[in-house]
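Here is the file target-v3.csv (CSV, N, CA, C and O atoms).
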chain,number,residue,atom,x,y,z
A,1220,MET,N,-69.2,-45.5,37.6
A,1220,MET,CA,-69.8,-46.2,36.5
A,1220,MET,C,-71.3,-46.5,36.7
A,1220,MET,O,-72.1,-46.3,35.8
A,1221,LYS,N,-71.6,-47.0,37.9
A,1221,LYS,CA,-73.0,-47.3,38.2
A,1221,LYS,C,-73.9,-46.1,38.1
A,1221,LYS,O,-75.0,-46.1,37.6
A,1222,ARG,N,-73.3,-45.0,38.6
A,1222,ARG,CA,-74.1,-43.7,38.6
A,1222,ARG,C,-74.4,-43.3,37.2
A,1222,ARG,O,-75.5,-42.9,36.8
A,1223,ALA,N,-73.4,-43.4,36.3
A,1223,ALA,CA,-73.6,-43.1,34.9
A,1223,ALA,C,-74.7,-44.0,34.2
A,1223,ALA,O,-75.6,-43.5,33.5
A,1224,LEU,N,-74.7,-45.3,34.6
A,1224,LEU,CA,-75.7,-46.2,34.0
A,1224,LEU,C,-77.1,-45.9,34.6
A,1224,LEU,O,-78.0,-45.9,33.8
A,1225,LEU,N,-77.2,-45.5,35.8
A,1225,LEU,CA,-78.4,-45.1,36.4
A,1225,LEU,C,-79.0,-43.9,35.8
A,1225,LEU,O,-80.2,-43.8,35.5
A,1226,ILE,N,-78.1,-42.9,35.5
A,1226,ILE,CA,-78.6,-41.7,34.9
A,1226,ILE,C,-79.0,-42.0,33.5
A,1226,ILE,O,-80.1,-41.5,33.0
A,1227,MET,N,-78.3,-42.8,32.7
A,1227,MET,CA,-78.7,-43.1,31.4
A,1227,MET,C,-80.0,-43.9,31.4
A,1227,MET,O,-80.9,-43.6,30.5
A,1228,ALA,N,-80.2,-44.8,32.3
A,1228,ALA,CA,-81.5,-45.6,32.4
A,1228,ALA,C,-82.6,-44.6,32.7
A,1228,ALA,O,-83.7,-44.8,32.1
A,1229,ALA,N,-82.4,-43.7,33.6
A,1229,ALA,CA,-83.5,-42.7,33.9
A,1229,ALA,C,-83.8,-41.9,32.7
A,1229,ALA,O,-85.0,-41.6,32.5
A,1230,MET,N,-82.9,-41.4,32.0
A,1230,MET,CA,-83.1,-40.6,30.8
A,1230,MET,C,-83.9,-41.3,29.8
A,1230,MET,O,-84.8,-40.8,29.2
A,1231,THR,N,-83.5,-42.6,29.6
A,1231,THR,CA,-84.2,-43.4,28.6
A,1231,THR,C,-85.7,-43.6,29.0
A,1231,THR,O,-86.6,-43.6,28.2
A,1232,THR,N,-85.9,-43.9,30.3
A,1232,THR,CA,-87.2,-44.1,30.8
A,1232,THR,C,-88.1,-42.8,30.6
A,1232,THR,O,-89.2,-42.9,30.3
A,1233,LEU,N,-87.5,-41.7,30.9
A,1233,LEU,CA,-88.2,-40.4,30.8
A,1233,LEU,C,-88.5,-40.1,29.3
A,1233,LEU,O,-89.6,-39.5,29.0
A,1234,ALA,N,-87.7,-40.4,28.4
A,1234,ALA,CA,-87.9,-40.1,27.0
A,1234,ALA,C,-88.8,-41.0,26.3
A,1234,ALA,O,-89.5,-40.7,25.4
A,1235,ALA,N,-88.9,-42.2,26.8
A,1235,ALA,CA,-89.7,-43.3,26.1
A,1235,ALA,C,-91.1,-42.9,26.0
A,1235,ALA,O,-91.7,-43.1,24.9
A,1236,PRO,N,-91.8,-42.4,27.0
A,1236,PRO,CA,-93.2,-42.0,26.9
A,1236,PRO,C,-93.4,-40.9,25.8
A,1236,PRO,O,-94.4,-41.0,25.0
A,1237,ALA,N,-92.6,-40.0,25.7
A,1237,ALA,CA,-92.7,-38.9,24.7
A,1237,ALA,C,-92.6,-39.5,23.3
A,1237,ALA,O,-93.4,-39.1,22.4
A,1238,ILE,N,-91.6,-40.4,23.1
A,1238,ILE,CA,-91.5,-41.0,21.8
A,1238,ILE,C,-92.7,-41.9,21.5
A,1238,ILE,O,-93.2,-41.9,20.4
A,1239,ALA,N,-93.1,-42.6,22.5
A,1239,ALA,CA,-94.3,-43.5,22.3
A,1239,ALA,C,-95.5,-42.7,21.9
A,1239,ALA,O,-96.3,-43.1,21.1
A,1240,ASP,N,-95.8,-41.6,22.6
A,1240,ASP,CA,-96.9,-40.8,22.3
A,1240,ASP,C,-96.8,-40.1,20.9
A,1240,ASP,O,-97.8,-40.0,20.3
A,1241,GLU,N,-95.7,-39.8,20.5
A,1241,GLU,CA,-95.5,-39.2,19.2
A,1241,GLU,C,-95.8,-40.3,18.2
A,1241,GLU,O,-96.4,-40.1,17.1
A,1242,ALA,N,-95.3,-41.5,18.5
A,1242,ALA,CA,-95.6,-42.7,17.6
A,1242,ALA,C,-97.1,-42.9,17.5
A,1242,ALA,O,-97.7,-43.2,16.4
A,1243,LEU,N,-97.8,-42.8,18.6
A,1243,LEU,CA,-99.3,-42.9,18.6
A,1243,LEU,C,-99.9,-41.9,17.8
A,1243,LEU,O,-100.8,-42.2,17.0
A,1244,ALA,N,-99.5,-40.6,17.9
A,1244,ALA,CA,-100.0,-39.5,17.1
A,1244,ALA,C,-99.8,-39.8,15.6
A,1244,ALA,O,-100.7,-39.6,14.8
A,1245,LYS,N,-98.6,-40.4,15.2
A,1245,LYS,CA,-98.4,-40.7,13.8
A,1245,LYS,C,-99.3,-41.9,13.4
A,1245,LYS,O,-99.8,-41.8,12.3
A,1246,SER,N,-99.4,-42.8,14.2
A,1246,SER,CA,-100.2,-44.0,13.9
A,1246,SER,C,-101.7,-43.7,13.7
A,1246,SER,O,-102.4,-44.4,13.0
A,1247,LYS,N,-102.2,-42.6,14.4
A,1247,LYS,CA,-103.6,-42.2,14.3
A,1247,LYS,C,-103.8,-41.1,13.3
A,1247,LYS,O,-104.8,-40.4,13.3
A,1248,ASN,N,-102.8,-40.8,12.5
A,1248,ASN,CA,-102.8,-39.8,11.4
A,1248,ASN,C,-102.9,-38.3,11.9
A,1248,ASN,O,-103.3,-37.4,11.2
A,1249,CYS,N,-102.6,-38.1,13.2
A,1249,CYS,CA,-102.7,-36.7,13.7
A,1249,CYS,C,-101.6,-35.9,13.1
A,1249,CYS,O,-101.9,-34.7,12.9
A,1250,MET,N,-100.5,-36.5,12.7
A,1250,MET,CA,-99.4,-35.7,12.2
A,1250,MET,C,-99.6,-35.3,10.7
A,1250,MET,O,-98.9,-34.5,10.1
A,1251,ALA,N,-100.7,-35.8,10.1
A,1251,ALA,CA,-101.1,-35.3,8.8
A,1251,ALA,C,-101.5,-33.8,8.8
A,1251,ALA,O,-101.3,-33.1,7.8
A,1252,CYS,N,-102.1,-33.4,9.9
A,1252,CYS,CA,-102.5,-32.0,10.0
A,1252,CYS,C,-101.8,-31.2,11.0
A,1252,CYS,O,-101.9,-30.0,11.1
A,1253,HIS,N,-101.0,-31.9,11.9
A,1253,HIS,CA,-100.3,-31.2,13.0
A,1253,HIS,C,-98.8,-31.5,13.0
A,1253,HIS,O,-98.5,-32.6,12.6
A,1254,ALA,N,-98.0,-30.6,13.5
A,1254,ALA,CA,-96.6,-30.9,13.7
A,1254,ALA,C,-96.3,-30.3,15.1
A,1254,ALA,O,-97.0,-29.5,15.7
A,1255,VAL,N,-95.2,-30.8,15.7
A,1255,VAL,CA,-94.8,-30.3,17.0
A,1255,VAL,C,-94.5,-28.8,17.0
A,1255,VAL,O,-95.0,-28.1,17.9
A,1256,ASP,N,-93.8,-28.3,16.1
A,1256,ASP,CA,-93.3,-26.9,16.2
A,1256,ASP,C,-93.7,-26.0,15.0
A,1256,ASP,O,-93.2,-24.9,14.9
A,1257,LYS,N,-94.6,-26.4,14.2
A,1257,LYS,CA,-95.0,-25.5,13.1
A,1257,LYS,C,-96.5,-25.8,12.7
A,1257,LYS,O,-97.0,-26.9,12.8
A,1258,LYS,N,-97.1,-24.8,12.2
A,1258,LYS,CA,-98.5,-24.9,11.8
A,1258,LYS,C,-98.6,-25.6,10.5
A,1258,LYS,O,-97.8,-25.3,9.6
A,1259,LEU,N,-99.4,-26.6,10.4
A,1259,LEU,CA,-99.7,-27.2,9.1
A,1259,LEU,C,-101.2,-26.8,8.8
A,1259,LEU,O,-101.5,-25.7,8.7
A,1260,VAL,N,-102.1,-27.8,8.7
A,1260,VAL,CA,-103.5,-27.5,8.5
A,1260,VAL,C,-104.0,-27.0,9.9
A,1260,VAL,O,-104.8,-26.1,10.0
A,1261,GLY,N,-103.6,-27.7,10.9
A,1261,GLY,CA,-103.9,-27.3,12.3
A,1261,GLY,C,-102.7,-26.7,13.0
A,1261,GLY,O,-101.6,-26.6,12.4
A,1262,PRO,N,-102.9,-26.2,14.2
A,1262,PRO,CA,-101.9,-25.5,14.9
A,1262,PRO,C,-100.7,-26.5,15.3
A,1262,PRO,O,-100.9,-27.7,15.4
A,1263,ALA,N,-99.6,-25.9,15.6
A,1263,ALA,CA,-98.4,-26.6,16.1
A,1263,ALA,C,-98.8,-27.1,17.5
A,1263,ALA,O,-99.5,-26.4,18.3
A,1264,TYR,N,-98.4,-28.3,17.9
A,1264,TYR,CA,-98.6,-28.8,19.2
A,1264,TYR,C,-98.1,-27.9,20.3
A,1264,TYR,O,-98.7,-27.7,21.4
A,1265,LYS,N,-96.9,-27.2,20.0
A,1265,LYS,CA,-96.4,-26.3,21.0
A,1265,LYS,C,-97.3,-25.2,21.3
A,1265,LYS,O,-97.4,-24.7,22.4
A,1266,GLU,N,-98.0,-24.7,20.3
A,1266,GLU,CA,-99.0,-23.6,20.4
A,1266,GLU,C,-100.2,-24.0,21.2
A,1266,GLU,O,-100.7,-23.3,22.0
A,1267,VAL,N,-100.6,-25.3,21.0
A,1267,VAL,CA,-101.8,-25.8,21.8
A,1267,VAL,C,-101.4,-25.9,23.2
A,1267,VAL,O,-102.1,-25.5,24.1
A,1268,ALA,N,-100.2,-26.4,23.5
A,1268,ALA,CA,-99.7,-26.6,24.9
A,1268,ALA,C,-99.6,-25.2,25.6
A,1268,ALA,O,-100.0,-25.1,26.7
A,1269,LYS,N,-99.2,-24.2,24.8
A,1269,LYS,CA,-99.1,-22.9,25.4
A,1269,LYS,C,-100.5,-22.3,25.7
A,1269,LYS,O,-100.7,-21.7,26.7
A,1270,LYS,N,-101.4,-22.5,24.8
A,1270,LYS,CA,-102.8,-21.9,24.9
A,1270,LYS,C,-103.4,-22.6,26.2
A,1270,LYS,O,-104.2,-21.9,26.9
A,1271,TYR,N,-103.2,-23.8,26.4
A,1271,TYR,CA,-103.9,-24.5,27.5
A,1271,TYR,C,-103.1,-24.7,28.7
A,1271,TYR,O,-103.6,-25.3,29.7
A,1272,ALA,N,-101.9,-24.1,28.8
A,1272,ALA,CA,-101.1,-24.2,30.0
A,1272,ALA,C,-101.9,-23.7,31.2
A,1272,ALA,O,-102.5,-22.6,31.2
A,1273,GLY,N,-101.8,-24.4,32.3
A,1273,GLY,CA,-102.5,-24.1,33.5
A,1273,GLY,C,-104.0,-24.4,33.6
A,1273,GLY,O,-104.6,-24.1,34.6
A,1274,ASP,N,-104.5,-24.9,32.5
A,1274,ASP,CA,-106.0,-25.2,32.5
A,1274,ASP,C,-106.1,-26.6,33.0
A,1274,ASP,O,-105.7,-27.6,32.4
A,1275,ALA,N,-106.8,-26.8,34.1
A,1275,ALA,CA,-106.9,-28.1,34.8
A,1275,ALA,C,-107.8,-29.0,34.0
A,1275,ALA,O,-107.7,-30.2,34.1
A,1276,LYS,N,-108.7,-28.5,33.1
A,1276,LYS,CA,-109.6,-29.3,32.3
A,1276,LYS,C,-109.0,-29.6,30.9
A,1276,LYS,O,-109.7,-30.2,30.1
A,1277,ALA,N,-107.8,-29.1,30.6
A,1277,ALA,CA,-107.3,-29.2,29.3
A,1277,ALA,C,-107.2,-30.6,28.7
A,1277,ALA,O,-107.6,-30.8,27.5
A,1278,VAL,N,-106.8,-31.6,29.5
A,1278,VAL,CA,-106.7,-32.9,29.0
A,1278,VAL,C,-108.1,-33.4,28.5
A,1278,VAL,O,-108.2,-33.9,27.4
A,1279,ASP,N,-109.1,-33.2,29.3
A,1279,ASP,CA,-110.4,-33.6,28.9
A,1279,ASP,C,-111.0,-32.9,27.7
A,1279,ASP,O,-111.6,-33.5,26.8
A,1280,VAL,N,-110.7,-31.6,27.7
A,1280,VAL,CA,-111.2,-30.7,26.6
A,1280,VAL,C,-110.6,-31.2,25.3
A,1280,VAL,O,-111.2,-31.4,24.3
A,1281,LEU,N,-109.2,-31.3,25.3
A,1281,LEU,CA,-108.5,-31.7,24.1
A,1281,LEU,C,-108.9,-33.1,23.7
A,1281,LEU,O,-109.0,-33.4,22.5
A,1282,ALA,N,-109.0,-34.0,24.6
A,1282,ALA,CA,-109.4,-35.4,24.3
A,1282,ALA,C,-110.7,-35.5,23.6
A,1282,ALA,O,-110.9,-36.2,22.6
A,1283,ALA,N,-111.7,-34.7,24.1
A,1283,ALA,CA,-113.0,-34.6,23.4
A,1283,ALA,C,-112.9,-34.1,22.0
A,1283,ALA,O,-113.5,-34.6,21.1
A,1284,LYS,N,-112.0,-33.1,21.8
A,1284,LYS,CA,-111.8,-32.5,20.4
A,1284,LYS,C,-111.2,-33.6,19.5
A,1284,LYS,O,-111.5,-33.6,18.3
A,1285,ILE,N,-110.2,-34.3,20.1
A,1285,ILE,CA,-109.6,-35.3,19.3
A,1285,ILE,C,-110.6,-36.4,18.8
A,1285,ILE,O,-110.6,-36.7,17.6
A,1286,VAL,N,-111.4,-36.8,19.6
A,1286,VAL,CA,-112.4,-37.9,19.3
A,1286,VAL,C,-113.6,-37.3,18.5
A,1286,VAL,O,-113.9,-37.9,17.5
A,1287,LYS,N,-114.1,-36.2,18.9
A,1287,LYS,CA,-115.4,-35.7,18.3
A,1287,LYS,C,-115.1,-34.6,17.3
A,1287,LYS,O,-116.0,-34.2,16.5
A,1288,GLY,N,-114.0,-34.0,17.3
A,1288,GLY,CA,-113.7,-32.9,16.4
A,1288,GLY,C,-114.3,-31.6,17.0
A,1288,GLY,O,-114.9,-31.6,18.1
A,1289,SER,N,-114.1,-30.5,16.3
A,1289,SER,CA,-114.7,-29.2,16.7
A,1289,SER,C,-115.9,-29.0,15.9
A,1289,SER,O,-116.1,-29.6,14.8
A,1290,GLU,N,-116.9,-28.2,16.4
A,1290,GLU,CA,-118.1,-28.0,15.6
A,1290,GLU,C,-117.8,-27.4,14.3
A,1290,GLU,O,-116.9,-26.5,14.2
A,1291,VAL,N,-118.6,-27.8,13.3
A,1291,VAL,CA,-118.4,-27.2,12.0
A,1291,VAL,C,-118.6,-25.7,12.0
A,1291,VAL,O,-119.5,-25.2,12.6
A,1292,GLY,N,-117.7,-25.0,11.4
A,1292,GLY,CA,-117.7,-23.6,11.3
A,1292,GLY,C,-117.1,-22.9,12.6
A,1292,GLY,O,-117.1,-21.7,12.7
A,1293,LYS,N,-116.6,-23.7,13.5
A,1293,LYS,CA,-116.1,-23.2,14.8
A,1293,LYS,C,-114.6,-23.6,14.9
A,1293,LYS,O,-114.2,-24.1,15.9
A,1294,GLY,N,-113.8,-23.3,13.9
A,1294,GLY,CA,-112.4,-23.6,14.0
A,1294,GLY,C,-111.8,-22.7,15.0
A,1294,GLY,O,-111.8,-21.5,14.9
A,1295,ASN,N,-111.2,-23.2,16.1
A,1295,ASN,CA,-110.6,-22.4,17.1
A,1295,ASN,C,-109.2,-21.9,16.7
A,1295,ASN,O,-108.7,-21.0,17.3
A,1296,TRP,N,-108.7,-22.4,15.6
A,1296,TRP,CA,-107.3,-22.0,15.2
A,1296,TRP,C,-107.3,-21.5,13.8
A,1296,TRP,O,-106.3,-21.5,13.1
A,1297,GLY,N,-108.5,-21.2,13.3
A,1297,GLY,CA,-108.6,-20.7,11.9
A,1297,GLY,C,-109.9,-21.2,11.3
A,1297,GLY,O,-110.8,-21.7,11.9
A,1298,ALA,N,-109.9,-21.1,10.0
A,1298,ALA,CA,-111.2,-21.4,9.3
A,1298,ALA,C,-111.5,-22.9,9.2
A,1298,ALA,O,-112.6,-23.3,9.0
A,1299,VAL,N,-110.5,-23.7,9.3
A,1299,VAL,CA,-110.7,-25.2,9.2
A,1299,VAL,C,-110.9,-25.8,10.5
A,1299,VAL,O,-110.0,-25.9,11.4
A,1300,PRO,N,-112.1,-26.3,10.8
A,1300,PRO,CA,-112.4,-27.0,12.0
A,1300,PRO,C,-111.7,-28.4,12.0
A,1300,PRO,O,-111.5,-29.0,11.0
A,1301,MET,N,-111.4,-28.9,13.2
A,1301,MET,CA,-110.8,-30.2,13.4
A,1301,MET,C,-111.9,-31.2,13.2
A,1301,MET,O,-112.9,-31.2,13.9
A,1302,PRO,N,-111.7,-32.2,12.3
A,1302,PRO,CA,-112.6,-33.3,12.1
A,1302,PRO,C,-112.5,-34.3,13.2
A,1302,PRO,O,-111.5,-34.4,13.9
A,1303,PRO,N,-113.6,-35.1,13.4
A,1303,PRO,CA,-113.5,-36.1,14.4
A,1303,PRO,C,-112.5,-37.2,14.0
A,1303,PRO,O,-112.3,-37.4,12.8
A,1304,ASN,N,-112.0,-37.9,14.9
A,1304,ASN,CA,-111.0,-39.0,14.6
A,1304,ASN,C,-111.6,-40.3,15.3
A,1304,ASN,O,-111.2,-40.6,16.4
A,1305,PRO,N,-112.5,-41.0,14.6
A,1305,PRO,CA,-113.1,-42.2,15.2
A,1305,PRO,C,-112.2,-43.3,15.4
A,1305,PRO,O,-112.5,-44.3,16.2
A,1306,GLN,N,-111.0,-43.3,14.9
A,1306,GLN,CA,-110.0,-44.4,15.1
A,1306,GLN,C,-109.3,-44.3,16.4
A,1306,GLN,O,-108.5,-45.1,16.8
A,1307,VAL,N,-109.5,-43.2,17.1
A,1307,VAL,CA,-108.8,-42.9,18.4
A,1307,VAL,C,-109.8,-43.2,19.6
A,1307,VAL,O,-110.9,-42.6,19.6
A,1308,SER,N,-109.4,-44.1,20.5
A,1308,SER,CA,-110.3,-44.4,21.6
A,1308,SER,C,-110.2,-43.2,22.6
A,1308,SER,O,-109.3,-42.4,22.5
A,1309,GLU,N,-111.1,-43.2,23.6
A,1309,GLU,CA,-111.1,-42.2,24.6
A,1309,GLU,C,-109.8,-42.2,25.4
A,1309,GLU,O,-109.2,-41.2,25.7
A,1310,ALA,N,-109.3,-43.4,25.7
A,1310,ALA,CA,-108.1,-43.5,26.5
A,1310,ALA,C,-106.9,-43.0,25.7
A,1310,ALA,O,-106.0,-42.4,26.2
A,1311,GLU,N,-106.9,-43.4,24.4
A,1311,GLU,CA,-105.8,-42.9,23.5
A,1311,GLU,C,-105.8,-41.4,23.4
A,1311,GLU,O,-104.8,-40.7,23.3
A,1312,ALA,N,-107.0,-40.8,23.3
A,1312,ALA,CA,-107.2,-39.4,23.1
A,1312,ALA,C,-106.6,-38.7,24.4
A,1312,ALA,O,-106.0,-37.6,24.3
A,1313,LYS,N,-106.9,-39.2,25.5
A,1313,LYS,CA,-106.4,-38.6,26.8
A,1313,LYS,C,-104.8,-38.7,26.8
A,1313,LYS,O,-104.2,-37.8,27.2
A,1314,LYS,N,-104.3,-39.8,26.3
A,1314,LYS,CA,-102.9,-40.0,26.3
A,1314,LYS,C,-102.2,-39.0,25.3
A,1314,LYS,O,-101.2,-38.3,25.6
A,1315,LEU,N,-102.9,-38.8,24.2
A,1315,LEU,CA,-102.4,-37.9,23.2
A,1315,LEU,C,-102.5,-36.4,23.7
A,1315,LEU,O,-101.6,-35.6,23.5
A,1316,ALA,N,-103.6,-36.1,24.3
A,1316,ALA,CA,-103.8,-34.8,24.9
A,1316,ALA,C,-102.7,-34.5,25.9
A,1316,ALA,O,-102.1,-33.4,26.0
A,1317,ALA,N,-102.5,-35.4,26.8
A,1317,ALA,CA,-101.5,-35.2,27.9
A,1317,ALA,C,-100.1,-35.0,27.2
A,1317,ALA,O,-99.3,-34.2,27.7
A,1318,TRP,N,-99.8,-35.8,26.2
A,1318,TRP,CA,-98.5,-35.6,25.5
A,1318,TRP,C,-98.4,-34.2,24.9
A,1318,TRP,O,-97.4,-33.5,25.0
A,1319,VAL,N,-99.4,-33.8,24.2
A,1319,VAL,CA,-99.4,-32.5,23.5
A,1319,VAL,C,-99.2,-31.4,24.6
A,1319,VAL,O,-98.4,-30.5,24.4
A,1320,LEU,N,-99.9,-31.5,25.7
A,1320,LEU,CA,-99.7,-30.5,26.8
A,1320,LEU,C,-98.4,-30.5,27.4
A,1320,LEU,O,-98.0,-29.5,28.0
A,1321,SER,N,-97.6,-31.6,27.3
A,1321,SER,CA,-96.3,-31.7,27.9
A,1321,SER,C,-95.2,-31.1,27.0
A,1321,SER,O,-94.1,-30.9,27.5
A,1322,ILE,N,-95.6,-30.8,25.8
A,1322,ILE,CA,-94.6,-30.2,24.8
A,1322,ILE,C,-94.2,-28.8,25.2
A,1322,ILE,O,-95.1,-28.0,25.4
A,1323,LYS,N,-93.0,-28.5,25.3
A,1323,LYS,CA,-92.5,-27.2,25.6
A,1323,LYS,C,-91.9,-26.5,24.4
A,1323,LYS,O,-91.4,-27.0,23.6

Now, as a test, write the supplied structure out as structure tokens.
Amino acid sequence: MKRALLIMAAMTTLAAPAIADEALAKSKNCMACHAVDKKLVGPAYKEVAKKYAGDAKAVDVLAAKIVKGSEVGKGNWGAVPMPPNPQVSEAEAKKLAAWVLSIK
């Protein structure tokens, strides 16, 4: 019984950050243009994670794009460049970038 409770507690603890980061993405309006598993205006988060897999600088690169946007006319995923999101702090952007990169 104790073992089952420990396993359940561990699973809840591991799942909580993913849920919290998705909630942050929703609260910062990221989900208006992105979805986890399908392209909307911007790419699916799964595709972003796949593109940046193994890139040691990915969190910093993506965090900068979240805060500052991509250069006008330089949409990396199509014709629509990502606009800046001034309501996201640098720390929140890094948290969001790490979450996106963790999506499989």

Distance of CA of Leu1315 (chain A) from CA of Ala1298 (chain A), expressed in Å to one decimal place: 23.3 Å

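Distance-wise, atom C of Tyr1264 (chain A) and CA of Gly1297 (chain A) end up 15.3 Å apart.
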
Neighbour list for Pro1262 (chain A) as a count of residues only, cut-off 5 Å, only N, CA, C and O atoms, skip fewer than 4 positions in-chain: 5

What does the distance from CA of Lys1245 (chain A) to atom N of Ala1272 (chain A) come to in Å, to one decimal?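 So the answer is 22.6 Å.
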
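Residue nearest Glu1311 (chain A) within the list A:Asp1256, A:Asp1279, A:Glu1266, A:Asp1274: A:Asp1279 [criterion: smallest interatomic distance, only C-alpha atoms].
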
Residue contacts of Asn1304 (chain A) (8 Å, only N, CA, C and O atoms) excluding same-chain residues fewer than 5 positions away, as a PyMOL selection string: chain A and resi 1247+1282-1289+1309+1312

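With all atoms listed in the file as the atoms that count, the minimum distance from Val1299 (chain A) to the choices A:Ala1242, A:Leu1320, A:Ala1268, A:Val1260 is reached by A:Val1260.
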
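The environment of Ala1275 (chain A) within 12 Å, counting only C-alpha atoms and disregarding residues fewer than 5 places along the same chain, consists of A:Val1280, A:Leu1281, A:Ala1317, A:Leu1320.
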
Kindly reconstruct region 1242-1249 of chain A with all heavy atoms and present the result as a compact mmCIF listing (two decimals), in the coordinates of the input.
# COMPACT_ATOMS: atom_id res chain seq x y z
N ALA A 1242 -95.30 -41.50 18.50
CA ALA A 1242 -95.60 -42.70 17.60
C ALA A 1242 -97.10 -42.90 17.50
O ALA A 1242 -97.70 -43.20 16.40
CB ALA A 1242 -94.90 -43.93 18.09
N LEU A 1243 -97.80 -42.80 18.60
CA LEU A 1243 -99.30 -42.90 18.60
C LEU A 1243 -99.90 -41.90 17.80
O LEU A 1243 -100.80 -42.20 17.00
CB LEU A 1243 -99.83 -42.86 20.07
CG LEU A 1243 -101.34 -42.97 20.23
CD1 LEU A 1243 -101.86 -44.30 19.72
CD2 LEU A 1243 -101.73 -42.78 21.70
N ALA A 1244 -99.50 -40.60 17.90
CA ALA A 1244 -100.00 -39.50 17.10
C ALA A 1244 -99.80 -39.80 15.60
O ALA A 1244 -100.70 -39.60 14.80
CB ALA A 1244 -99.33 -38.22 17.44
N LYS A 1245 -98.60 -40.40 15.20
CA LYS A 1245 -98.40 -40.70 13.80
C LYS A 1245 -99.30 -41.90 13.40
O LYS A 1245 -99.80 -41.80 12.30
CB LYS A 1245 -96.90 -41.09 13.66
CG LYS A 1245 -95.97 -39.90 13.74
CD LYS A 1245 -94.52 -40.31 13.61
CE LYS A 1245 -93.61 -39.10 13.73
NZ LYS A 1245 -92.19 -39.44 13.71
N SER A 1246 -99.40 -42.80 14.20
CA SER A 1246 -100.20 -44.00 13.90
C SER A 1246 -101.70 -43.70 13.70
O SER A 1246 -102.40 -44.40 13.00
CB SER A 1246 -100.06 -45.16 14.87
OG SER A 1246 -100.76 -44.90 16.07
N LYS A 1247 -102.20 -42.60 14.40
CA LYS A 1247 -103.60 -42.20 14.30
C LYS A 1247 -103.80 -41.10 13.30
O LYS A 1247 -104.80 -40.40 13.30
CB LYS A 1247 -104.10 -41.82 15.67
CG LYS A 1247 -104.03 -42.94 16.69
CD LYS A 1247 -104.90 -44.12 16.29
CE LYS A 1247 -104.85 -45.21 17.35
NZ LYS A 1247 -105.74 -46.31 17.04
N ASN A 1248 -102.80 -40.80 12.50
CA ASN A 1248 -102.80 -39.80 11.40
C ASN A 1248 -102.90 -38.30 11.90
O ASN A 1248 -103.30 -37.40 11.20
CB ASN A 1248 -103.91 -40.07 10.41
CG ASN A 1248 -103.64 -41.33 9.65
OD1 ASN A 1248 -102.50 -41.63 9.31
ND2 ASN A 1248 -104.67 -42.12 9.40
N CYS A 1249 -102.60 -38.10 13.20
CA CYS A 1249 -102.70 -36.70 13.70
C CYS A 1249 -101.60 -35.90 13.10
O CYS A 1249 -101.90 -34.70 12.90
CB CYS A 1249 -102.43 -36.77 15.25
SG CYS A 1249 -103.57 -37.80 16.19
